[in-house]
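Engineer: PDB, C-alpha atoms, saved as coords-v8.pdb, coming up:
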MODEL        1
ATOM      1  CA  VAL Z  12     -27.173 108.203 167.162  1.00  0.00           C
ATOM      2  CA  PHE Z  13     -30.039 107.086 169.392  1.00  0.00           C
ATOM      3  CA  HIS Z  14     -27.929 107.565 172.521  1.00  0.00           C
ATOM      4  CA  TRP Z  15     -27.286 111.117 171.301  1.00  0.00           C
ATOM      5  CA  ALA Z  16     -31.002 111.751 170.626  1.00  0.00           C
ATOM      6  CA  GLY Z  17     -31.985 110.272 173.986  1.00  0.00           C
ATOM      7  CA  ALA Z  18     -29.428 112.410 175.795  1.00  0.00           C
ATOM      8  CA  LYS Z  19     -30.767 115.537 174.063  1.00  0.00           C
ATOM      9  CA  ALA Z  20     -34.267 114.621 175.275  1.00  0.00           C
ATOM     10  CA  GLY Z  21     -32.882 113.887 178.745  1.00  0.00           C
ATOM     11  CA  ILE Z  22     -31.357 117.366 178.910  1.00  0.00           C
ATOM     12  CA  LYS Z  23     -34.710 118.968 178.051  1.00  0.00           C
ATOM     13  CA  ILE Z  24     -36.484 116.888 180.686  1.00  0.00           C
ATOM     14  CA  ALA Z  25     -33.832 117.616 183.320  1.00  0.00           C
ATOM     15  CA  LYS Z  26     -34.070 121.350 182.670  1.00  0.00           C
ATOM     16  CA  HIS Z  27     -37.858 121.277 182.777  1.00  0.00           C
ATOM     17  CA  TYR Z  28     -37.876 119.505 186.154  1.00  0.00           C
ATOM     18  CA  ARG Z  29     -34.726 121.266 187.392  1.00  0.00           C
ATOM     19  CA  ASP Z  30     -33.121 117.891 188.036  1.00  0.00           C
ATOM     20  CA  ASP Z  31     -29.385 118.568 188.283  1.00  0.00           C
ATOM     21  CA  ALA Z  32     -28.422 114.906 188.651  1.00  0.00           C
ATOM     22  CA  LEU Z  33     -30.317 113.952 185.496  1.00  0.00           C
ATOM     23  CA  LEU Z  34     -28.865 116.945 183.664  1.00  0.00           C
ATOM     24  CA  GLU Z  35     -25.320 115.922 184.570  1.00  0.00           C
ATOM     25  CA  LEU Z  36     -25.915 112.333 183.459  1.00  0.00           C
ATOM     26  CA  ALA Z  37     -27.584 113.378 180.190  1.00  0.00           C
ATOM     27  CA  GLU Z  38     -24.710 115.762 179.401  1.00  0.00           C
ATOM     28  CA  ARG Z  39     -22.172 112.968 179.976  1.00  0.00           C
ATOM     29  CA  VAL Z  40     -24.111 110.605 177.706  1.00  0.00           C
ATOM     30  CA  LEU Z  41     -24.394 113.358 175.081  1.00  0.00           C
ATOM     31  CA  ALA Z  42     -20.631 113.991 175.107  1.00  0.00           C
ATOM     32  CA  ALA Z  43     -19.818 110.277 174.887  1.00  0.00           C
ATOM     33  CA  SER Z  44     -22.341 109.824 172.082  1.00  0.00           C
ATOM     34  CA  LYS Z  45     -20.871 112.691 170.070  1.00  0.00           C
ATOM     35  CA  GLU Z  46     -17.403 111.231 170.535  1.00  0.00           C
ATOM     36  CA  ASN Z  47     -18.537 107.810 169.300  1.00  0.00           C
ATOM     37  CA  ILE Z  48     -20.426 109.250 166.334  1.00  0.00           C
ATOM     38  CA  GLU Z  49     -17.400 111.291 165.288  1.00  0.00           C
ATOM     39  CA  LYS Z  50     -15.259 108.142 165.367  1.00  0.00           C
ATOM     40  CA  CYS Z  51     -17.471 106.876 162.525  1.00  0.00           C
ATOM     41  CA  TYR Z  52     -16.523 109.776 160.242  1.00  0.00           C
ATOM     42  CA  SER Z  53     -14.370 108.830 157.260  1.00  0.00           C
ATOM     43  CA  ALA Z  54     -12.264 111.716 155.961  1.00  0.00           C
ATOM     44  CA  GLU Z  55     -11.485 109.580 152.935  1.00  0.00           C
ATOM     45  CA  HIS Z  56     -15.172 109.320 151.970  1.00  0.00           C
ATOM     46  CA  GLU Z  57     -16.266 112.610 153.585  1.00  0.00           C
ATOM     47  CA  CYS Z  58     -19.107 110.660 155.150  1.00  0.00           C
ATOM     48  CA  TYR Z  59     -20.101 108.967 158.388  1.00  0.00           C
ATOM     49  CA  MET Z  60     -19.835 105.213 158.091  1.00  0.00           C
ATOM     50  CA  SER Z  61     -21.972 102.516 159.706  1.00  0.00           C
ATOM     51  CA  ASP Z  62     -19.463 101.719 162.413  1.00  0.00           C
ATOM     52  CA  GLN Z  63     -16.122 102.869 163.772  1.00  0.00           C
ATOM     53  CA  LYS Z  64     -14.341  99.883 162.258  1.00  0.00           C
ATOM     54  CA  LEU Z  65     -16.486  98.924 159.282  1.00  0.00           C
ATOM     55  CA  SER Z  66     -16.160 100.701 155.969  1.00  0.00           C
ATOM     56  CA  TYR Z  67     -19.482 100.260 154.259  1.00  0.00           C
ATOM     57  CA  PHE Z  68     -22.338 102.606 153.537  1.00  0.00           C
ATOM     58  CA  ASP Z  69     -25.675 102.141 155.255  1.00  0.00           C
ATOM     59  CA  ALA Z  70     -28.943 104.050 154.853  1.00  0.00           C
ATOM     60  CA  SER Z  71     -29.187 104.360 158.637  1.00  0.00           C
ATOM     61  CA  ALA Z  72     -26.502 107.044 158.360  1.00  0.00           C
ATOM     62  CA  PHE Z  73     -29.227 109.338 156.992  1.00  0.00           C
ATOM     63  CA  LEU Z  74     -30.508 109.426 160.592  1.00  0.00           C
ATOM     64  CA  LEU Z  75     -27.671 111.811 161.414  1.00  0.00           C
ATOM     65  CA  ILE Z  76     -29.456 114.332 159.193  1.00  0.00           C
ATOM     66  CA  ILE Z  77     -33.037 113.373 160.057  1.00  0.00           C
ATOM     67  CA  LEU Z  78     -32.381 113.627 163.814  1.00  0.00           C
ATOM     68  CA  ASN Z  79     -30.490 116.921 163.378  1.00  0.00           C
ATOM     69  CA  TYR Z  80     -27.101 115.694 164.549  1.00  0.00           C
ATOM     70  CA  LEU Z  81     -25.790 117.239 161.341  1.00  0.00           C
ATOM     71  CA  LYS Z  82     -26.918 120.795 160.695  1.00  0.00           C
ATOM     72  CA  PRO Z  83     -28.731 121.555 157.418  1.00  0.00           C
ATOM     73  CA  ASN Z  84     -26.434 124.375 156.271  1.00  0.00           C
ATOM     74  CA  ASP Z  85     -23.165 122.666 157.161  1.00  0.00           C
ATOM     75  CA  PRO Z  86     -21.087 121.677 154.092  1.00  0.00           C
ATOM     76  CA  LYS Z  87     -20.204 118.427 155.898  1.00  0.00           C
ATOM     77  CA  THR Z  88     -23.908 117.543 155.887  1.00  0.00           C
ATOM     78  CA  MET Z  89     -24.215 117.961 152.139  1.00  0.00           C
ATOM     79  CA  LYS Z  90     -21.075 115.901 151.493  1.00  0.00           C
ATOM     80  CA  HIS Z  91     -22.423 113.181 153.776  1.00  0.00           C
ATOM     81  CA  PHE Z  92     -25.818 113.206 152.053  1.00  0.00           C
ATOM     82  CA  LYS Z  93     -24.403 113.205 148.526  1.00  0.00           C
ATOM     83  CA  LYS Z  94     -21.968 110.387 149.293  1.00  0.00           C
ATOM     84  CA  LEU Z  95     -24.695 108.194 150.776  1.00  0.00           C
ATOM     85  CA  GLU Z  96     -26.991 109.020 147.888  1.00  0.00           C
ATOM     86  CA  SER Z  97     -24.394 108.039 145.290  1.00  0.00           C
ATOM     87  CA  GLU Z  98     -23.230 104.884 147.092  1.00  0.00           C
ATOM     88  CA  LEU Z  99     -26.670 103.522 147.935  1.00  0.00           C
ATOM     89  CA  ARG Z 100     -28.262 103.834 144.486  1.00  0.00           C
TER      90      ARG Z 100
ENDMDL
END
For the structure just supplied, provide its representation as structure tokens.
Structural biologist:
Amino acid sequence: VFHWAGAKAGIKIAKHYRDDALLELAERVLAASKENIEKCYSAEHECYMSDQKLSYFDASAFLLIILNYLKPNDPKTMKHFKKLESELR
């Protein structure tokens, strides 16, 4: 998730300075980050897991909401939040 957040910041910086090379790099990192984050989604649990291969719940997955990777009004966000909340009590 931090690669994704950094890439989002990189895009803003690249646009501000009109740096096309930085913009292209940041967009590539953003796309790769999204792809890796989505590989962590478990349809079975309706939640993002800690890792692509590990099936355990971790409070760090709340960062997907805090950093706005997941949108507040998206039903997937609420399912993710509720699952983490119930599993981490």
Engineer: Can you tell me which residues surround Ser44 in chain Z at a distance of at most 8 Å, considering only C-alpha atoms, apart from same-chain residues fewer than 3 positions away, and format the answer as a VMD selection string?
Structural biologist: chain Z and resid 12 14 to 15 40 to 41 47 to 48
Engineer: Using the chain letters and numbers from the file, give me the residues hit by the PyMOL selection byres ((chain Z and resi 50) around 9), as an NGL selection string.
Structural biologist: :Z and (45-49 or 51-53 or 59 or 62-64)
Engineer: Could you work out an axis-aligned box for range 91-97 of chain Z, taking every atom the file lists and adding 6 Å on each side, and report centre and edge lengths in Å to one decimal, as JSON?
Structural biologist:
{"center_x": -24.5, "center_y": 110.6, "center_z": 149.5, "size_x": 17.0, "size_y": 17.2, "size_z": 20.5}
Engineer: What is the CA of Lys19 in chain Z to CA of Pro86 in chain Z distance in Å?
Structural biologist: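 So the answer is 23.0 Å.
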Engineer: Hey, what's within 8 Å of Ala72 in chain Z if we count all atoms listed in the file and toss same-chain stuff fewer than 6 positions away? As an MDAnalysis selection string, please?
Structural biologist: chainID Z and resid 59:61 95
Engineer: Write out the residues from the selection above, keeping C-alpha atoms, as a compact mmCIF listing (two decimals), in the coordinates of the input.
Structural biologist:
# COMPACT_ATOMS: atom_id res chain seq x y z
CA TYR Z 59 -20.10 108.97 158.39
CA MET Z 60 -19.84 105.21 158.09
CA SER Z 61 -21.97 102.52 159.71
CA LEU Z 95 -24.70 108.19 150.78
Engineer: Rounded to one decimal, what separation in Å do you get between CA of Ala37 in chain Z and CA of Lys23 in chain Z?
Structural biologist: 9.3 Å
Engineer: Just how far from CA of Ala16 in chain Z is CA of Ala43 in chain Z, in Å to one decimal?
Structural biologist: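 Between CA of Ala43 in chain Z and CA of Ala16 in chain Z the gap works out to 12.1 Å.
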Engineer: Could you check the closest approach to His56 in chain Z for each of Z:Lys94, Z:Asn84, Z:Phe13, Z:Asp31 and tell me which residue wins, using only C-alpha atoms?
Structural biologist: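 Closest to His56 in chain Z, using only C-alpha atoms: Z:Lys94.
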